[in-house]
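All remarks here apply to the structure that follows.
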Amino acid sequence: MSDNLPAIPGMSSGGASSGNGFLALAGRTAKLAASALFLKEGMHLLRSHMQANANAALRLSEMNHQAEVEPQFISMIEDVATHLTGVAEASGEMVNAADSVDTDARGFNNAHEREYRPGYEASNGSGVRQAKPGYYRRTGRRS
């Protein structure tokens with residue numbers, strides 16, 4: 001994971017970040033959403049950079065055409081412009097994918113909060129030691 005991502009509470013090494021506990025799952029989905037946003041920002045930068053380079057290559061091919069440079073060289077420059085435009089478009093598609101991951105992770109986190117936060121708060125507030133997450137599912141003691 002990148003060091004550029006913001007710190008997320010409960011996501012220190014070990015502890016709450018491992019296992020299936022309430023905070024661990026919430027932390028992992030928050031980290032996923034943050035990673036998706038980080039990717040999205042990087043892809044926006046890549047897209048604008050590649051599009052600027054493609055535009056510069058097209059201008060160069062026009063200037064070479066006016067200077068009556070050999071057509072094979074003009075064609076090579078235009079091919080480069082086409083490929084740079086392709087990279088810009090593909091990075092735009094990555095932005096859309098990262099946006100979907102971010103939206104889905106946030107939606108999951110919100111649903112998880114609504115469903116399990118009350119039970120988490122109740123079990124922590126009771127003062128009674130609780131079974132580890134998944135215990136009842138493994139033993140079949142709860143339905």
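Identifiers for the structure tokens are assigned positionally: chains receive A, B, ... in sequence, residues are indexed from 1 per chain, and ligands are indexed from 1 in the order shown.
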Chain A: which residues are helix (DSSP H, G or I) by DSSP, as a VMD selection string? chain A and resid 15 to 17 22 to 66 71 to 125 135 to 139
Shell of 12 Å around Asn64 of chain A, only C-alpha atoms, local chain residues under 4 positions omitted, as a ChimeraX atom specification: /A:57-60,68-78
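Considering the residues A:Gln51, A:Ser100, A:Asn109, A:Ser35 and counting only C-alpha atoms, Leu84 of chain A has its shortest atom-to-atom contact with A:Gln51.
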